[in-house]
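See below for data_0.cif, which holds mmCIF, C-alpha atoms.
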data_coords
#
loop_
_atom_site.label_atom_id
_atom_site.label_comp_id
_atom_site.auth_asym_id
_atom_site.auth_seq_id
_atom_site.Cartn_x
_atom_site.Cartn_y
_atom_site.Cartn_z
CA MET M 1 -74.86 141.22 7.09
CA GLN M 2 -76.43 137.98 5.88
CA LYS M 3 -76.55 136.67 9.47
CA LYS M 4 -78.36 139.83 10.66
CA LEU M 5 -80.87 139.54 7.78
CA SER M 6 -81.62 135.93 8.71
CA LEU M 7 -82.24 136.96 12.32
CA VAL M 8 -84.64 139.69 11.20
CA VAL M 9 -86.59 137.25 8.97
CA ALA M 10 -86.76 134.72 11.80
CA SER M 11 -88.07 137.38 14.14
CA PHE M 12 -90.87 138.29 11.74
CA VAL M 13 -91.81 134.63 11.36
CA LEU M 14 -91.99 134.20 15.14
CA LEU M 15 -94.08 137.35 15.47
CA GLY M 16 -96.44 136.09 12.78
CA LEU M 17 -96.85 132.76 14.49
CA SER M 18 -97.48 134.49 17.81
CA ALA M 19 -100.14 136.70 16.22
CA CYS M 20 -101.84 133.67 14.67
CA SER M 21 -101.93 131.91 17.99
CA LEU M 22 -103.76 134.89 19.48
CA LEU M 23 -106.56 134.71 16.89
CA PRO M 24 -109.73 133.02 18.18
CA GLU M 25 -110.42 129.57 16.79
CA LYS M 26 -113.37 129.26 14.45
CA VAL M 27 -116.24 127.80 16.41
CA ASP M 28 -118.37 125.04 14.88
CA GLU M 29 -121.85 126.20 15.80
CA THR M 30 -123.30 122.79 14.89
CA LYS M 31 -120.99 120.86 17.24
CA ASN M 32 -123.59 120.18 19.91
CA TRP M 33 -126.68 120.25 17.72
CA SER M 34 -129.05 117.34 18.02
CA VAL M 35 -129.94 115.28 14.97
CA THR M 36 -133.38 116.91 14.81
CA LYS M 37 -131.84 120.38 15.04
CA LEU M 38 -129.40 119.59 12.21
CA TYR M 39 -132.14 118.18 10.05
CA SER M 40 -134.55 121.06 10.58
CA GLU M 41 -131.85 123.66 9.89
CA ALA M 42 -130.78 121.82 6.74
CA ARG M 43 -134.37 121.60 5.55
CA GLU M 44 -134.81 125.31 6.16
CA GLU M 45 -131.78 125.99 3.98
CA MET M 46 -133.24 123.73 1.29
CA ASP M 47 -136.56 125.55 1.38
CA GLY M 48 -134.67 128.80 0.94
CA GLN M 49 -132.83 127.31 -2.06
CA HIS M 50 -129.49 127.64 -0.27
CA TYR M 51 -128.37 124.27 -1.55
CA GLU M 52 -124.68 124.51 -0.77
CA ARG M 53 -125.37 125.29 2.90
CA ALA M 54 -128.04 122.58 3.02
CA ILE M 55 -125.60 120.00 1.67
CA THR M 56 -123.03 121.00 4.29
CA LEU M 57 -125.54 120.53 7.10
CA PHE M 58 -126.85 117.22 5.78
CA GLN M 59 -123.28 115.96 5.47
CA LYS M 60 -122.61 117.08 9.04
CA LEU M 61 -125.73 115.21 10.16
CA GLU M 62 -124.66 112.04 8.38
CA SER M 63 -121.16 112.13 9.85
CA SER M 64 -122.34 112.96 13.38
CA TYR M 65 -125.30 110.56 13.41
CA PRO M 66 -124.42 107.87 10.84
CA PHE M 67 -127.08 105.40 11.90
CA GLY M 68 -130.83 105.59 11.69
CA THR M 69 -133.49 107.10 9.49
CA TYR M 70 -132.19 110.68 9.71
CA ALA M 71 -128.85 109.68 8.14
CA GLN M 72 -130.62 107.84 5.32
CA GLN M 73 -132.94 110.77 4.74
CA ALA M 74 -129.93 113.11 4.70
CA GLN M 75 -128.34 111.01 1.95
CA MET M 76 -131.46 111.39 -0.19
CA GLU M 77 -131.65 115.10 0.54
CA ILE M 78 -128.01 115.55 -0.49
CA ALA M 79 -128.72 113.91 -3.85
CA TYR M 80 -131.74 116.15 -4.39
CA ALA M 81 -129.82 119.29 -3.35
CA TYR M 82 -127.05 118.53 -5.85
CA TYR M 83 -129.72 117.97 -8.49
CA LYS M 84 -131.37 121.32 -7.74
CA SER M 85 -128.02 123.09 -7.82
CA ALA M 86 -127.38 121.59 -11.30
CA ASP M 87 -124.35 119.58 -10.18
CA GLN M 88 -125.14 116.53 -12.25
CA ALA M 89 -122.02 114.52 -11.45
CA GLN M 90 -122.36 114.91 -7.69
CA ALA M 91 -126.11 114.26 -7.84
CA LEU M 92 -125.66 111.02 -9.76
CA ALA M 93 -122.87 109.92 -7.42
CA ALA M 94 -125.11 110.55 -4.41
CA VAL M 95 -127.98 108.62 -6.01
CA GLU M 96 -125.78 105.63 -6.86
CA ARG M 97 -124.35 105.63 -3.34
CA PHE M 98 -127.80 105.54 -1.78
CA ILE M 99 -129.05 102.74 -4.06
CA LYS M 100 -125.94 100.70 -3.28
CA LEU M 101 -126.20 101.23 0.49
CA HIS M 102 -129.98 100.87 0.78
CA PRO M 103 -131.30 98.70 -2.06
CA ASN M 104 -134.36 97.73 -0.03
CA HIS M 105 -135.18 101.15 1.40
CA ALA M 106 -138.87 102.04 1.37
CA ASN M 107 -138.15 105.11 -0.79
CA VAL M 108 -135.44 103.72 -3.05
CA ASP M 109 -137.89 103.97 -5.97
CA TYR M 110 -137.62 107.74 -5.65
CA MET M 111 -133.86 107.53 -6.08
CA TYR M 112 -134.31 105.60 -9.32
CA TYR M 113 -136.75 108.28 -10.41
CA LEU M 114 -134.33 111.04 -9.41
CA ARG M 115 -131.56 109.39 -11.43
CA GLY M 116 -133.82 109.60 -14.46
CA LEU M 117 -134.66 113.24 -13.77
CA ILE M 118 -131.00 114.19 -13.48
CA ASN M 119 -130.22 112.75 -16.92
CA PHE M 120 -133.53 113.98 -18.33
CA ASN M 121 -132.74 117.58 -17.46
CA ASP M 122 -129.29 117.19 -18.99
CA GLN M 123 -130.75 116.03 -22.28
CA ILE M 124 -133.23 118.93 -22.27
CA GLY M 125 -130.21 121.17 -22.70
CA PHE M 126 -129.20 118.98 -25.61
CA LEU M 127 -132.63 119.38 -27.21
CA ASN M 128 -132.59 123.16 -26.78
CA PHE M 129 -129.91 123.29 -29.45
CA LEU M 130 -131.60 120.74 -31.71
CA TYR M 131 -131.97 123.16 -34.59
CA GLU M 132 -128.88 125.26 -33.91
CA GLN M 133 -126.17 122.62 -33.96
CA ASP M 134 -124.89 120.11 -36.51
CA PRO M 135 -126.74 116.89 -35.59
CA THR M 136 -123.62 114.77 -36.04
CA GLU M 137 -121.86 116.81 -33.33
CA ARG M 138 -124.43 116.04 -30.64
CA ASP M 139 -124.20 113.08 -28.30
CA PRO M 140 -127.60 111.72 -27.19
CA LYS M 141 -125.91 109.80 -24.37
CA ALA M 142 -127.86 111.59 -21.64
CA THR M 143 -131.10 110.86 -23.48
CA ARG M 144 -130.39 107.14 -23.54
CA GLU M 145 -129.24 107.15 -19.91
CA ALA M 146 -132.39 108.95 -18.82
CA PHE M 147 -134.52 106.42 -20.67
CA THR M 148 -132.59 103.53 -19.08
CA ALA M 149 -132.99 105.02 -15.60
CA PHE M 150 -136.73 105.48 -16.00
CA LYS M 151 -137.06 101.98 -17.47
CA GLN M 152 -135.30 100.50 -14.45
CA LEU M 153 -137.78 102.28 -12.21
CA VAL M 154 -140.74 100.99 -14.24
CA ASP M 155 -139.38 97.43 -14.32
CA LYS M 156 -138.43 97.26 -10.64
CA PHE M 157 -141.30 99.27 -9.20
CA PRO M 158 -144.31 99.05 -11.52
CA ASN M 159 -146.63 100.24 -8.73
CA SER M 160 -144.49 103.17 -7.65
CA GLN M 161 -146.14 106.57 -7.47
CA TYR M 162 -143.38 107.82 -9.78
CA THR M 163 -143.94 105.20 -12.50
CA PRO M 164 -146.75 107.00 -14.41
CA ASP M 165 -144.62 110.11 -14.83
CA ALA M 166 -141.61 107.98 -15.76
CA LEU M 167 -143.66 106.30 -18.51
CA GLU M 168 -144.65 109.67 -19.95
CA ARG M 169 -141.06 110.83 -19.94
CA MET M 170 -139.97 107.59 -21.61
CA LYS M 171 -142.37 108.27 -24.49
CA TYR M 172 -140.88 111.73 -24.87
CA LEU M 173 -137.35 110.32 -24.79
CA VAL M 174 -138.16 107.69 -27.42
CA ASN M 175 -139.35 110.47 -29.71
CA ALA M 176 -136.21 112.46 -28.95
CA MET M 177 -133.92 109.53 -29.77
CA SER M 178 -135.74 108.70 -32.99
CA GLN M 179 -135.73 112.34 -34.00
CA TYR M 180 -131.99 112.41 -33.46
CA GLU M 181 -131.55 109.47 -35.86
CA VAL M 182 -133.71 111.24 -38.44
CA HIS M 183 -131.73 114.46 -38.06
CA VAL M 184 -128.52 112.58 -38.73
CA ALA M 185 -130.09 110.74 -41.68
CA ARG M 186 -131.23 114.08 -43.11
CA TYR M 187 -127.73 115.47 -42.60
CA TYR M 188 -126.21 112.64 -44.64
CA PHE M 189 -128.87 112.93 -47.35
CA ARG M 190 -128.12 116.62 -47.81
CA ARG M 191 -124.45 115.72 -48.32
CA GLU M 192 -125.34 112.99 -50.82
CA ALA M 193 -124.08 110.25 -48.48
CA TYR M 194 -127.13 108.17 -49.31
CA LEU M 195 -126.04 104.84 -47.87
CA ALA M 196 -125.26 106.48 -44.52
CA ALA M 197 -128.65 108.23 -44.69
CA VAL M 198 -130.40 104.89 -45.21
CA ASN M 199 -128.56 103.29 -42.29
CA ARG M 200 -129.51 106.04 -39.84
CA ALA M 201 -133.10 106.20 -41.06
CA GLN M 202 -133.35 102.42 -40.69
CA SER M 203 -132.16 102.71 -37.09
CA ALA M 204 -135.09 104.99 -36.37
CA VAL M 205 -137.56 102.65 -38.08
CA VAL M 206 -136.28 99.48 -36.37
CA ASP M 207 -135.59 100.82 -32.88
CA TYR M 208 -138.43 103.33 -32.44
CA ARG M 209 -141.43 101.85 -34.23
CA GLU M 210 -144.06 103.98 -32.50
CA SER M 211 -142.33 107.32 -32.95
CA PRO M 212 -143.82 110.05 -35.21
CA ALA M 213 -140.34 110.48 -36.71
CA ILE M 214 -140.76 107.16 -38.57
CA GLU M 215 -142.73 108.95 -41.28
CA GLU M 216 -139.78 111.06 -42.31
CA ALA M 217 -137.34 108.20 -41.77
CA LEU M 218 -139.18 106.10 -44.37
CA TYR M 219 -139.31 109.06 -46.73
CA ILE M 220 -135.54 109.57 -46.44
CA MET M 221 -134.96 105.87 -47.08
CA MET M 222 -137.16 105.97 -50.18
CA ARG M 223 -135.43 109.07 -51.56
CA SER M 224 -131.98 107.66 -50.77
CA TYR M 225 -132.68 104.37 -52.52
CA ASP M 226 -133.92 106.35 -55.50
CA LYS M 227 -130.74 108.43 -55.58
CA MET M 228 -128.62 105.26 -55.48
CA GLY M 229 -130.63 103.65 -58.29
CA MET M 230 -131.86 100.83 -56.04
CA THR M 231 -135.33 100.73 -57.57
CA ASP M 232 -136.53 97.51 -55.93
CA LEU M 233 -135.69 98.75 -52.42
CA ARG M 234 -137.13 102.15 -53.30
CA ASP M 235 -140.42 100.61 -54.40
CA ASP M 236 -140.60 98.30 -51.35
CA THR M 237 -140.03 101.24 -49.04
CA ASN M 238 -142.56 103.30 -50.94
CA ARG M 239 -145.22 100.61 -50.46
CA VAL M 240 -144.58 100.54 -46.72
CA PHE M 241 -144.56 104.32 -46.62
CA LEU M 242 -147.88 104.69 -48.48
CA LYS M 243 -149.56 101.95 -46.45
CA ASN M 244 -148.70 103.64 -43.16
CA TYR M 245 -148.84 107.30 -44.23
CA PRO M 246 -151.23 107.58 -47.20
CA ASN M 247 -151.78 111.27 -46.44
CA SER M 248 -148.19 112.12 -45.57
CA ARG M 249 -147.22 115.76 -45.62
CA PHE M 250 -144.18 114.77 -47.66
CA LEU M 251 -146.41 113.63 -50.52
CA SER M 252 -148.93 116.46 -50.57
CA ASP M 253 -148.82 118.66 -53.66
CA GLY M 254 -146.07 116.59 -55.24
CA ASP M 255 -143.12 118.77 -56.17
CA LYS M 256 -144.19 121.49 -53.74
CA ALA M 257 -143.69 119.15 -50.82
CA GLU M 258 -140.28 118.20 -52.15
CA ARG M 259 -139.26 121.83 -52.47
CA ARG M 260 -140.50 122.61 -48.96
CA TRP M 261 -138.49 119.70 -47.57
CA TRP M 262 -135.30 120.84 -49.28
CA LYS M 263 -135.82 124.51 -48.47
CA PHE M 264 -136.22 123.73 -44.77
CA TRP M 265 -133.14 121.55 -44.49
CA LYS M 266 -130.70 123.29 -46.83
#
Encoding of this model in structure tokens:
Amino acid sequence: MQKKLSLVVASFVLLGLSACSLLPEKVDETKNWSVTKLYSEAREEMDGQHYERAITLFQKLESSYPFGTYAQQAQMEIAYAYYKSADQAQALAAVERFIKLHPNHANVDYMYYLRGLINFNDQIGFLNFLYEQDPTERDPKATREAFTAFKQLVDKFPNSQYTPDALERMKYLVNAMSQYEVHVARYYFRREAYLAAVNRAQSAVVDYRESPAIEEALYIMMRSYDKMGMTDLRDDTNRVFLKNYPNSRFLSDGDKAERRWWKFWK
């Protein structure tokens, strides 16, 4: 009985294999496409926001025609397509690959710019939750990496067409990073961890001197020193604070300002 069952199973397997062999092979429609045909089709997919298909075609172009300007352009297009499809890891990998392979390419400045954009968009998501999430639970890593990427562009290619926009984004990122430090300092102050509050507020003051967040950072330092009974440091900070922000919103109306500050952050 067992022998007959084995023969039956074997017969079905053979029939299945025979049926598979009769199926037509999948034809690669791009097999005989020229490099210009591949590129134009891939660009059409990009324009239609079909990024996955565009990436496939650009990769096919690069593998079929690995030398020349079309292959290099395809590498840049792949990085951009991953960026537009919100695949940050693949986009960054494609950017790094291009910079490594073509450090002297005429358009390598764009790849430095794109690297900044990829991280910049990631940190925008971080900022969207700025007031909804515990500040100590957020990691501003993407913010710092975006700033570093834009700074590399500015340093290496000061005359690049992308440099003015990179500089504007760097200003925004500096404010974001300083605001993060102030948020953390405020978090510690609310929990009466005054030394930790001072340390984080000092980081904002020292590292981001031109940021608007410095006003509140100094105020937190002054209040923290006062809470710890460090009157000399409190008074020194107060002098700096008043010299730079004589009309600070934190000082207007005395106790009313203090109550507004606490009400907002409690």
Exercise for review: Given the file shown, determine the residues that the PyMOL selection byres ((chain M and resi 108) around 12) selects; report them as a PyMOL selection string.
Suggested key: chain M and resi 72-73+75-76+95-107+109-115+152-153+156-157+160-162
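Residue nearest Val240 (chain M) within the list M:Leu61, M:Glu181, M:Phe120, M:Tyr219: M:Tyr219 [criterion: smallest interatomic distance, all atoms listed in the file].
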Contacts of Glu77 (chain M) at 9 Å or less, counting only C-alpha atoms, minus same-chain residues fewer than 2 places along, as a PDB file with C-alpha atoms, keeping the file's coordinate frame?
ATOM      1  CA  ARG M  43    -134.370 121.600   5.550  1.00  0.00           C
ATOM      2  CA  MET M  46    -133.240 123.730   1.290  1.00  0.00           C
ATOM      3  CA  ALA M  54    -128.040 122.580   3.020  1.00  0.00           C
ATOM      4  CA  ILE M  55    -125.600 120.000   1.670  1.00  0.00           C
ATOM      5  CA  PHE M  58    -126.850 117.220   5.780  1.00  0.00           C
ATOM      6  CA  GLN M  72    -130.620 107.840   5.320  1.00  0.00           C
ATOM      7  CA  GLN M  73    -132.940 110.770   4.740  1.00  0.00           C
ATOM      8  CA  ALA M  74    -129.930 113.110   4.700  1.00  0.00           C
ATOM      9  CA  GLN M  75    -128.340 111.010   1.950  1.00  0.00           C
ATOM     10  CA  ALA M  79    -128.720 113.910  -3.850  1.00  0.00           C
ATOM     11  CA  TYR M  80    -131.740 116.150  -4.390  1.00  0.00           C
ATOM     12  CA  ALA M  81    -129.820 119.290  -3.350  1.00  0.00           C
ATOM     13  CA  TYR M  82    -127.050 118.530  -5.850  1.00  0.00           C
TER      14      TYR M  82
END
Point to revise | Residues within 12 Å of (-138.5, 104.5, -32.9), counting all atoms listed in the file, listed as a VMD selection string | key: chain M and resid 170 to 182 200 to 218
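Proximity of M:Pro164, M:Pro140, M:Gly48, M:Pro158 to His183 (chain M), computed with only C-alpha atoms, is greatest for M:Pro140.
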Practice item. Please write the residues picked by the PyMOL selection byres ((chain M and resi 34) around 12) on this file as JSON, numbers by chain. Key: {"M": [29, 30, 31, 32, 33, 35, 36, 37, 38, 39, 40, 41, 57, 60, 61, 62, 64, 65, 70]}
The centre and edge lengths of an axis-aligned box containing all atoms of region 203-218 of chain M present in the file, extended by 3 Å on each side, are to be given in Å to one decimal, as AutoDock Vina command-line options.
--center_x -138.1 --center_y 105.3 --center_z -38.4 --size_x 17.9 --size_y 17.6 --size_z 17.9
Practice item. Give me, please, the distance in Å between CA of Tyr194 (chain M) and CA of Ser224 (chain M), quoted to one decimal. Key: 5.1 Å
I need the residue set behind the PyMOL selection byres ((chain M and resi 193) around 12) for this file; please write it as an mmCIF file with C-alpha atoms, in the coordinates of the input.
data_model
loop_
_atom_site.group_PDB
_atom_site.id
_atom_site.type_symbol
_atom_site.label_atom_id
_atom_site.label_comp_id
_atom_site.auth_asym_id
_atom_site.auth_seq_id
_atom_site.Cartn_x
_atom_site.Cartn_y
_atom_site.Cartn_z
ATOM 1 C CA VAL M 184 -128.520 112.580 -38.730
ATOM 2 C CA ALA M 185 -130.090 110.740 -41.680
ATOM 3 C CA ARG M 186 -131.230 114.080 -43.110
ATOM 4 C CA TYR M 187 -127.730 115.470 -42.600
ATOM 5 C CA TYR M 188 -126.210 112.640 -44.640
ATOM 6 C CA PHE M 189 -128.870 112.930 -47.350
ATOM 7 C CA ARG M 190 -128.120 116.620 -47.810
ATOM 8 C CA ARG M 191 -124.450 115.720 -48.320
ATOM 9 C CA GLU M 192 -125.340 112.990 -50.820
ATOM 10 C CA TYR M 194 -127.130 108.170 -49.310
ATOM 11 C CA LEU M 195 -126.040 104.840 -47.870
ATOM 12 C CA ALA M 196 -125.260 106.480 -44.520
ATOM 13 C CA ALA M 197 -128.650 108.230 -44.690
ATOM 14 C CA VAL M 198 -130.400 104.890 -45.210
ATOM 15 C CA ASN M 199 -128.560 103.290 -42.290
ATOM 16 C CA ARG M 200 -129.510 106.040 -39.840
ATOM 17 C CA ILE M 220 -135.540 109.570 -46.440
ATOM 18 C CA MET M 221 -134.960 105.870 -47.080
ATOM 19 C CA ARG M 223 -135.430 109.070 -51.560
ATOM 20 C CA SER M 224 -131.980 107.660 -50.770
ATOM 21 C CA TYR M 225 -132.680 104.370 -52.520
ATOM 22 C CA LYS M 227 -130.740 108.430 -55.580
ATOM 23 C CA MET M 228 -128.620 105.260 -55.480
#
Check your understanding: Interatomic distance between CA of Asp235 (chain M) and CA of Arg249 (chain M)?
Key -> 18.8 Å
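As for CA of Glu52 (chain M) and CA of Arg169 (chain M), they are spaced 28.7 Å apart.
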